[in-house]
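Novice: So that you have it, the file is protein-v4.cif, and it contains mmCIF, C-alpha atoms and all ligand atoms:
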```cif
data_coords
loop_
_atom_site.label_atom_id
_atom_site.label_comp_id
_atom_site.auth_asym_id
_atom_site.auth_seq_id
_atom_site.Cartn_x
_atom_site.Cartn_y
_atom_site.Cartn_z
CA MET A 9 32.47 -33.89 -0.16
CA ILE A 10 33.88 -32.78 -3.52
CA THR A 11 33.89 -29.00 -4.07
CA PRO A 12 33.19 -28.06 -7.68
CA PRO A 13 35.50 -25.58 -9.39
CA ILE A 14 33.81 -22.39 -10.66
CA LEU A 15 32.45 -22.97 -14.15
CA GLN A 16 33.06 -20.53 -16.97
CA ASP A 17 30.13 -18.88 -18.60
CA PRO A 18 28.40 -17.99 -20.81
CA VAL A 19 27.39 -20.97 -22.92
CA ALA A 20 26.74 -18.59 -25.82
CA ASP A 21 30.51 -18.18 -26.19
CA LEU A 22 31.03 -21.85 -27.00
CA PRO A 23 32.59 -22.64 -30.38
CA SER A 24 30.16 -23.94 -32.99
CA PRO A 25 29.60 -27.69 -32.91
CA GLU A 26 31.23 -30.17 -35.24
CA TRP A 27 28.62 -32.49 -36.78
CA ILE A 28 29.96 -36.05 -36.76
CA ILE A 29 26.68 -37.57 -38.01
CA GLY A 30 23.84 -35.52 -39.50
CA SER A 31 24.49 -32.03 -40.75
CA ASP A 32 21.77 -30.03 -39.02
CA PRO A 33 19.23 -30.23 -36.17
CA THR A 34 16.61 -31.85 -38.45
CA SER A 35 18.69 -34.96 -39.25
CA VAL A 36 17.21 -38.27 -38.07
CA CYS A 37 20.48 -39.27 -36.35
CA ARG A 38 22.61 -36.57 -34.81
CA VAL A 39 26.04 -36.84 -33.23
CA THR A 40 27.61 -33.50 -32.38
CA LEU A 41 30.99 -32.73 -30.85
CA TYR A 42 31.44 -29.53 -28.83
CA HIS A 43 35.08 -28.66 -28.18
CA GLU A 44 36.32 -26.80 -25.10
CA VAL A 45 33.10 -26.99 -23.14
CA LEU A 46 35.44 -26.86 -20.14
CA SER A 47 38.72 -24.93 -20.05
CA ASP A 48 41.96 -26.87 -19.48
CA GLU A 49 42.00 -25.69 -15.84
CA GLU A 50 38.42 -26.79 -15.25
CA SER A 51 39.00 -30.14 -16.95
CA SER A 52 42.04 -30.86 -14.75
CA ALA A 53 40.26 -29.79 -11.57
CA TYR A 54 37.17 -31.89 -12.33
CA PHE A 55 39.27 -34.86 -13.37
CA LEU A 56 41.20 -34.87 -10.09
CA ALA A 57 38.10 -34.20 -7.97
CA LEU A 58 36.10 -37.02 -9.54
CA LYS A 59 38.91 -39.56 -9.80
CA SER A 60 39.57 -39.35 -6.06
CA GLY A 61 36.07 -38.39 -4.83
CA ILE A 62 33.83 -40.94 -6.54
CA HIS A 63 33.25 -44.42 -5.16
CA TRP A 64 34.40 -46.44 -8.20
CA GLN A 65 33.38 -50.05 -8.66
CA GLN A 66 34.47 -52.81 -11.01
CA ARG A 67 31.63 -55.21 -11.72
CA SER A 68 31.37 -58.39 -13.71
CA ILE A 69 29.06 -58.99 -16.68
CA ARG A 70 27.92 -62.14 -18.39
CA LEU A 71 29.65 -62.50 -21.76
CA PHE A 72 29.18 -65.59 -23.97
CA GLY A 73 27.96 -67.55 -20.93
CA LYS A 74 30.85 -66.54 -18.64
CA GLN A 75 31.13 -63.93 -15.86
CA VAL A 76 33.96 -61.51 -16.75
CA MET A 77 35.14 -58.31 -15.04
CA GLN A 78 34.31 -55.16 -16.99
CA PRO A 79 37.51 -53.53 -18.28
CA ARG A 80 36.96 -50.17 -16.54
CA LEU A 81 35.65 -48.74 -13.27
CA ILE A 82 32.08 -47.50 -13.08
CA ALA A 83 29.79 -45.35 -10.90
CA TRP A 84 26.12 -44.44 -11.27
CA HIS A 85 24.66 -41.25 -9.75
CA GLY A 86 21.22 -39.72 -10.13
CA ASP A 87 17.77 -39.08 -8.77
CA PRO A 88 16.64 -41.85 -6.38
CA GLU A 89 14.22 -43.37 -8.89
CA ALA A 90 16.78 -43.49 -11.73
CA ILE A 91 17.50 -47.23 -11.59
CA TYR A 92 19.44 -48.54 -14.57
CA ARG A 93 19.58 -52.13 -15.81
CA TYR A 94 22.20 -52.94 -18.41
CA SER A 95 24.39 -55.91 -19.35
CA GLY A 96 22.35 -58.02 -16.92
CA ASP A 97 23.27 -55.79 -13.96
CA THR A 98 21.15 -53.38 -11.90
CA TRP A 99 22.53 -50.04 -10.74
CA TYR A 100 20.87 -48.11 -7.91
CA PRO A 101 21.94 -44.46 -7.99
CA GLU A 102 24.35 -42.78 -5.62
CA PRO A 103 23.06 -39.27 -4.85
CA TRP A 104 24.03 -36.16 -6.80
CA VAL A 105 27.07 -34.29 -5.46
CA PRO A 106 27.83 -30.60 -6.22
CA THR A 107 30.53 -31.45 -8.78
CA LEU A 108 28.19 -33.65 -10.80
CA GLN A 109 25.32 -31.17 -10.50
CA ALA A 110 27.53 -28.38 -11.88
CA LEU A 111 28.61 -30.54 -14.81
CA ARG A 112 25.04 -31.69 -15.42
CA GLN A 113 23.94 -28.05 -15.66
CA ARG A 114 26.64 -27.33 -18.21
CA CYS A 115 25.64 -30.34 -20.31
CA GLU A 116 21.94 -29.50 -20.07
CA ASP A 117 22.58 -25.93 -21.24
CA ILE A 118 24.45 -27.16 -24.30
CA SER A 119 22.27 -30.11 -25.25
CA LYS A 120 19.06 -28.24 -24.38
CA THR A 121 17.60 -31.16 -22.48
CA THR A 122 17.36 -32.36 -18.88
CA PHE A 123 19.06 -35.37 -17.29
CA ASN A 124 18.24 -37.32 -14.13
CA SER A 125 21.33 -39.54 -14.00
CA VAL A 126 24.93 -39.97 -15.03
CA LEU A 127 27.05 -43.04 -15.76
CA LEU A 128 30.72 -42.45 -14.95
CA ASN A 129 33.46 -44.58 -16.52
CA LEU A 130 37.08 -44.51 -15.41
CA TYR A 131 39.48 -45.97 -17.98
CA ARG A 132 42.71 -46.49 -16.04
CA ASP A 133 44.81 -46.73 -19.21
CA GLY A 134 44.54 -48.01 -22.80
CA ASN A 135 43.79 -51.55 -21.61
CA ASP A 136 40.45 -50.34 -20.32
CA ALA A 137 37.79 -50.02 -23.00
CA MET A 138 34.14 -50.40 -23.94
CA GLY A 139 32.99 -52.75 -26.70
CA TRP A 140 30.46 -52.15 -29.47
CA HIS A 141 27.01 -51.32 -28.12
CA ALA A 142 24.14 -48.85 -28.35
CA ASP A 143 22.60 -47.00 -25.44
CA ASP A 144 19.21 -48.42 -26.27
CA GLU A 145 17.94 -49.94 -23.02
CA PRO A 146 14.15 -49.57 -22.70
CA GLU A 147 14.40 -47.26 -19.68
CA LEU A 148 16.23 -44.66 -21.81
CA GLY A 149 13.07 -44.31 -23.91
CA HIS A 150 12.61 -43.53 -27.58
CA GLU A 151 15.40 -41.45 -29.20
CA PRO A 152 17.36 -40.65 -26.02
CA VAL A 153 19.73 -37.69 -25.84
CA ILE A 154 23.05 -38.84 -24.36
CA ALA A 155 25.55 -36.12 -23.41
CA SER A 156 29.03 -37.57 -23.03
CA LEU A 157 31.63 -35.40 -21.29
CA ASN A 158 35.34 -36.18 -21.52
CA LEU A 159 38.09 -35.59 -18.96
CA GLY A 160 41.70 -36.74 -18.75
CA CYS A 161 43.53 -38.47 -21.57
CA SER A 162 42.14 -38.10 -25.11
CA ARG A 163 40.76 -41.40 -26.48
CA ARG A 164 39.37 -42.47 -29.84
CA PHE A 165 35.64 -43.13 -30.09
CA ASP A 166 34.17 -45.09 -33.00
CA LEU A 167 30.65 -45.09 -34.43
CA ARG A 168 29.51 -47.74 -36.90
CA HIS A 169 26.22 -47.91 -38.77
CA ARG A 170 24.37 -51.16 -37.96
CA HIS A 171 23.60 -52.01 -41.59
CA SER A 172 25.84 -50.09 -43.99
CA GLY A 173 28.99 -50.41 -41.83
CA GLU A 174 29.79 -46.71 -42.39
CA THR A 175 32.29 -45.82 -39.65
CA HIS A 176 33.41 -42.57 -38.02
CA LYS A 177 36.45 -42.36 -35.74
CA VAL A 178 36.72 -39.30 -33.58
CA TRP A 179 39.18 -38.22 -30.86
CA LEU A 180 37.57 -36.95 -27.67
CA PRO A 181 39.91 -34.54 -25.88
CA ALA A 182 39.52 -33.36 -22.28
CA GLY A 183 36.81 -30.74 -21.96
CA SER A 184 34.86 -31.87 -25.03
CA LEU A 185 31.20 -32.92 -25.06
CA LEU A 186 29.76 -35.45 -27.54
CA VAL A 187 25.98 -35.34 -27.84
CA MET A 188 24.14 -38.29 -29.45
CA ALA A 189 20.50 -37.56 -30.28
CA GLY A 190 17.57 -38.44 -32.51
CA ALA A 191 17.54 -42.05 -33.75
CA THR A 192 21.32 -42.50 -33.33
CA GLN A 193 20.99 -45.41 -30.88
CA GLN A 194 18.63 -47.27 -33.24
CA HIS A 195 20.90 -47.06 -36.29
CA TRP A 196 24.44 -46.81 -34.92
CA ARG A 197 26.66 -48.61 -32.41
CA HIS A 198 29.65 -47.08 -30.67
CA GLN A 199 32.79 -48.28 -28.90
CA LEU A 200 35.86 -47.03 -27.09
CA PRO A 201 38.64 -49.32 -28.42
CA ARG A 202 41.67 -50.57 -26.52
CA SER A 203 44.97 -48.90 -27.33
CA LYS A 204 48.41 -50.12 -26.25
CA LYS A 205 49.80 -46.61 -26.77
CA ILE A 206 47.60 -45.01 -24.07
CA THR A 207 49.17 -45.04 -20.60
CA GLN A 208 47.14 -42.27 -18.92
CA PRO A 209 43.68 -42.42 -17.33
CA ARG A 210 40.49 -41.00 -18.81
CA LEU A 211 37.13 -40.23 -17.30
CA ASN A 212 33.85 -40.16 -19.22
CA LEU A 213 30.48 -39.03 -17.91
CA THR A 214 27.34 -39.87 -19.90
CA PHE A 215 24.36 -37.84 -18.69
CA ARG A 216 21.09 -39.63 -19.35
CA ARG A 217 17.36 -39.46 -18.67
CA ILE A 218 15.90 -42.65 -17.24
CA ILE A 219 12.17 -42.89 -17.84
CA THR A 220 10.55 -43.56 -14.48
CA CYS A 221 6.91 -44.44 -13.86
O1 LIG A 301 33.74 -43.60 -22.77
C1 LIG A 301 33.08 -43.25 -23.73
O2 LIG A 301 33.38 -42.29 -24.45
C2 LIG A 301 31.84 -44.04 -24.11
C3 LIG A 301 30.98 -44.39 -22.94
C4 LIG A 301 29.74 -45.08 -23.36
O3 LIG A 301 29.49 -45.35 -24.51
C5 LIG A 301 28.74 -45.44 -22.34
O4 LIG A 301 28.95 -45.19 -21.15
O5 LIG A 301 27.70 -46.00 -22.72
MN MN A 302 27.38 -45.94 -24.81
#
```
Mind converting the file's structure to structure tokens?
Ligand SMILES: O=C(O)CCC(=O)C(=O)O
Ligand SMILES: [Mn+2]

Specialist:
Amino acid sequence: MITPPILQDPVADLPSPEWIIGSDPTSVCRVTLYHEVLSDEESSAYFLALKSGIHWQQRSIRLFGKQVMQPRLIAWHGDPEAIYRYSGDTWYPEPWVPTLQALRQRCEDISKTTFNSVLLNLYRDGNDAMGWHADDEPELGHEPVIASLNLGCSRRFDLRHRHSGETHKVWLPAGSLLVMAGATQQHWRHQLPRSKKITQPRLNLTFRRIITC
């Protein structure tokens, strides 16, 4: 069992968000970065607790007709009915644990929405990565809110508009939360590129709401 560190409060003290895409809550596509959602101490404690306490798996996906191992370790936790199908694979959720519930609460308070699942990615070093994609699977519903929490080594995250090619590159330090909302997944793709310079691990948690019948 992983024991969660005590979370800081209150949320009202958080620094104002940095708008990466869209400049206000009425924009069609909104990507917002909240810095220091977790203190350095909390980030380190959560990083260590999750890295050693989660049952990480490396799975293969079908890419250009071939089965290849995904370049990162993955775990899927959530409510029992939150079954996620992506890249031709089906993930049945592991149950919530106190650490993940505490972090979910923090992300819900900031993004002002509710989540029933979380995808965890462990990037062991800069060779681990995630290619261009959008979180637009049908079970995420129309205009999903994705709250993406960062722990461990800072990595660069890229967003590229599907048609215009407009690109934003943003560093995601430990303790920061990136929230993608509105029609972002319809109009933009994102990636976490490889980097030879990165030698340290990083953990990313994307809290999601799977639409269940
Ligand atoms: O690691 C990241 O920051 C991105 C993760 C991501 O895009 C995903 O899990 O769908
Ligand atoms: Mn994604």

Novice: Pull the closest atom pair for each residue of chain A that gets at most 9 Å from ligand MN 302 (chain A), along with the distance in Å to one decimal, counting all atoms listed in the file, ordering rows by chain and then ascending residue number, as CSV.

Specialist:
```
residue,atom,partner,partner_atom,distance
A:Met138,CA,A:MN302,MN,8.1
A:Trp140,CA,A:MN302,MN,8.4
A:His141,CA,A:MN302,MN,6.3
A:Ala142,CA,A:MN302,MN,5.6
A:Asp143,CA,A:MN302,MN,4.9
A:Asp144,CA,A:MN302,MN,8.7
A:Ile154,CA,A:MN302,MN,8.3
A:Ser156,CA,A:MN302,MN,8.7
A:Gln193,CA,A:MN302,MN,8.8
A:Arg197,CA,A:MN302,MN,8.1
A:His198,CA,A:MN302,MN,6.4
A:Gln199,CA,A:MN302,MN,7.2
A:Leu200,CA,A:MN302,MN,8.8
A:Thr214,CA,A:MN302,MN,7.8
```

Novice: Select, from A:Gly134, A:Gly183, A:Gly190, A:Gly139, the residue with the minimum atom-to-atom distance to ligand LIG 301 (chain A), counting only C-alpha atoms and all ligand atoms.

Specialist: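 Of A:Gly134, A:Gly183, A:Gly190, A:Gly139, the one nearest ligand LIG 301 (chain A), counting only C-alpha atoms and all ligand atoms, is A:Gly139.
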
Novice: Let me have the centre and edge lengths in Å, one decimal, of the box along x, y and z around every listed atom of ligand LIG 301 (chain A) with 8 Å of margin on each side, as JSON.

Specialist:
```
{"center_x": 30.7, "center_y": -44.1, "center_z": -22.8, "size_x": 22.0, "size_y": 19.7, "size_z": 19.4}
```

Novice: Of the residues A:Val39, A:Val126, A:Cys221, A:Leu213, which is the one nearest to Lys59 of chain A, using all atoms listed in the file?

Specialist: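 Of all the options, A:Leu213 lies closest to Lys59 of chain A.
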
Novice: Which is closest to ligand LIG 301 (chain A) among A:Tyr42, A:Trp64, A:Tyr94, A:Tyr100, if we use only C-alpha atoms and all ligand atoms?

Specialist: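 Once distances to ligand LIG 301 (chain A) are computed over only C-alpha atoms and all ligand atoms, the minimum belongs to A:Tyr94.
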
Novice: My list of candidates is A:Ser52, A:Asn212, A:Asn124, A:Gln194. Which is closest to ligand LIG 301 (chain A) when distances are computed with all atoms listed in the file?

Specialist: A:Asn212

Novice: Hey, which of A:His176, A:Arg170, A:His85, A:Arg164 ends up closest to Phe215 of chain A? Count only C-alpha atoms.

Specialist: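 Under the stated criterion, the closest residue is A:His85.
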
Novice: Go ahead and find all residues with at least one atom no further than 10 Å from (20.8, -31.4, -10.7) in the file's coordinates, using all atoms listed in the file; report them as a CSV table (one decimal) with C-alpha atoms, in the coordinates of the input.

Specialist:
```csv
chain,number,residue,atom,x,y,z
A,86,GLY,CA,21.2,-39.7,-10.1
A,87,ASP,CA,17.8,-39.1,-8.8
A,104,TRP,CA,24.0,-36.2,-6.8
A,105,VAL,CA,27.1,-34.3,-5.5
A,106,PRO,CA,27.8,-30.6,-6.2
A,107,THR,CA,30.5,-31.4,-8.8
A,108,LEU,CA,28.2,-33.6,-10.8
A,109,GLN,CA,25.3,-31.2,-10.5
A,110,ALA,CA,27.5,-28.4,-11.9
A,111,LEU,CA,28.6,-30.5,-14.8
A,112,ARG,CA,25.0,-31.7,-15.4
A,113,GLN,CA,23.9,-28.0,-15.7
A,116,GLU,CA,21.9,-29.5,-20.1
A,122,THR,CA,17.4,-32.4,-18.9
A,123,PHE,CA,19.1,-35.4,-17.3
A,124,ASN,CA,18.2,-37.3,-14.1
A,125,SER,CA,21.3,-39.5,-14.0
```

Novice: Take atom CA of Thr98 of chain A and atom CA of Arg168 of chain A and report the distance between them in Å, one decimal.

Specialist: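 Atom CA of Thr98 of chain A sits 27.0 Å away from atom CA of Arg168 of chain A.
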
Novice: Name all residues at most 10 Å from Thr220 of chain A (count all atoms listed in the file; drop same-chain ones fewer than 4 positions away) and give them as a list in words.

Specialist: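 Result of the neighbour search: Glu89, Ala90, Ile91, Asn124, Glu147, Leu148 and Gly149 of chain A.
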
Novice: Could the residues in this selection be saved with C-alpha atoms as a PDB file, keeping the file's coordinate frame?

Specialist:
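Produced file again.pdb, reproduced below:
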```
ATOM      1  CA  GLU A  89      14.220 -43.370  -8.890  1.00  0.00           C
ATOM      2  CA  ALA A  90      16.780 -43.490 -11.730  1.00  0.00           C
ATOM      3  CA  ILE A  91      17.500 -47.230 -11.590  1.00  0.00           C
ATOM      4  CA  ASN A 124      18.240 -37.320 -14.130  1.00  0.00           C
ATOM      5  CA  GLU A 147      14.400 -47.260 -19.680  1.00  0.00           C
ATOM      6  CA  LEU A 148      16.230 -44.660 -21.810  1.00  0.00           C
ATOM      7  CA  GLY A 149      13.070 -44.310 -23.910  1.00  0.00           C
TER       8      GLY A 149
END
```

Novice: Which is closest to Thr121 of chain A among A:Val178, A:Ala53, A:Leu46, A:Met188, if we use all atoms listed in the file?

Specialist: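 Selected residue with least distance to Thr121 of chain A: A:Met188.
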
Novice: Tell me, in Å to one decimal, how far atom CA of Trp27 of chain A is from atom CA of Asp133 of chain A.

Specialist: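 It comes out at 27.8 Å.
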
Novice: Enter the distance from atom CA of Pro181 of chain A to atom CA of Asp117 of chain A, in Å, rounded to one decimal.

Specialist: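 Taking atom CA of Pro181 of chain A and atom CA of Asp117 of chain A, their separation equals 19.9 Å.
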
Novice: Would you mind listing what lies within 10 Å of Gln78 of chain A as a PyMOL selection string, with only C-alpha atoms counted and same-chain residues fewer than 6 positions away left out?

Specialist: chain A and resi 65-71+136-138
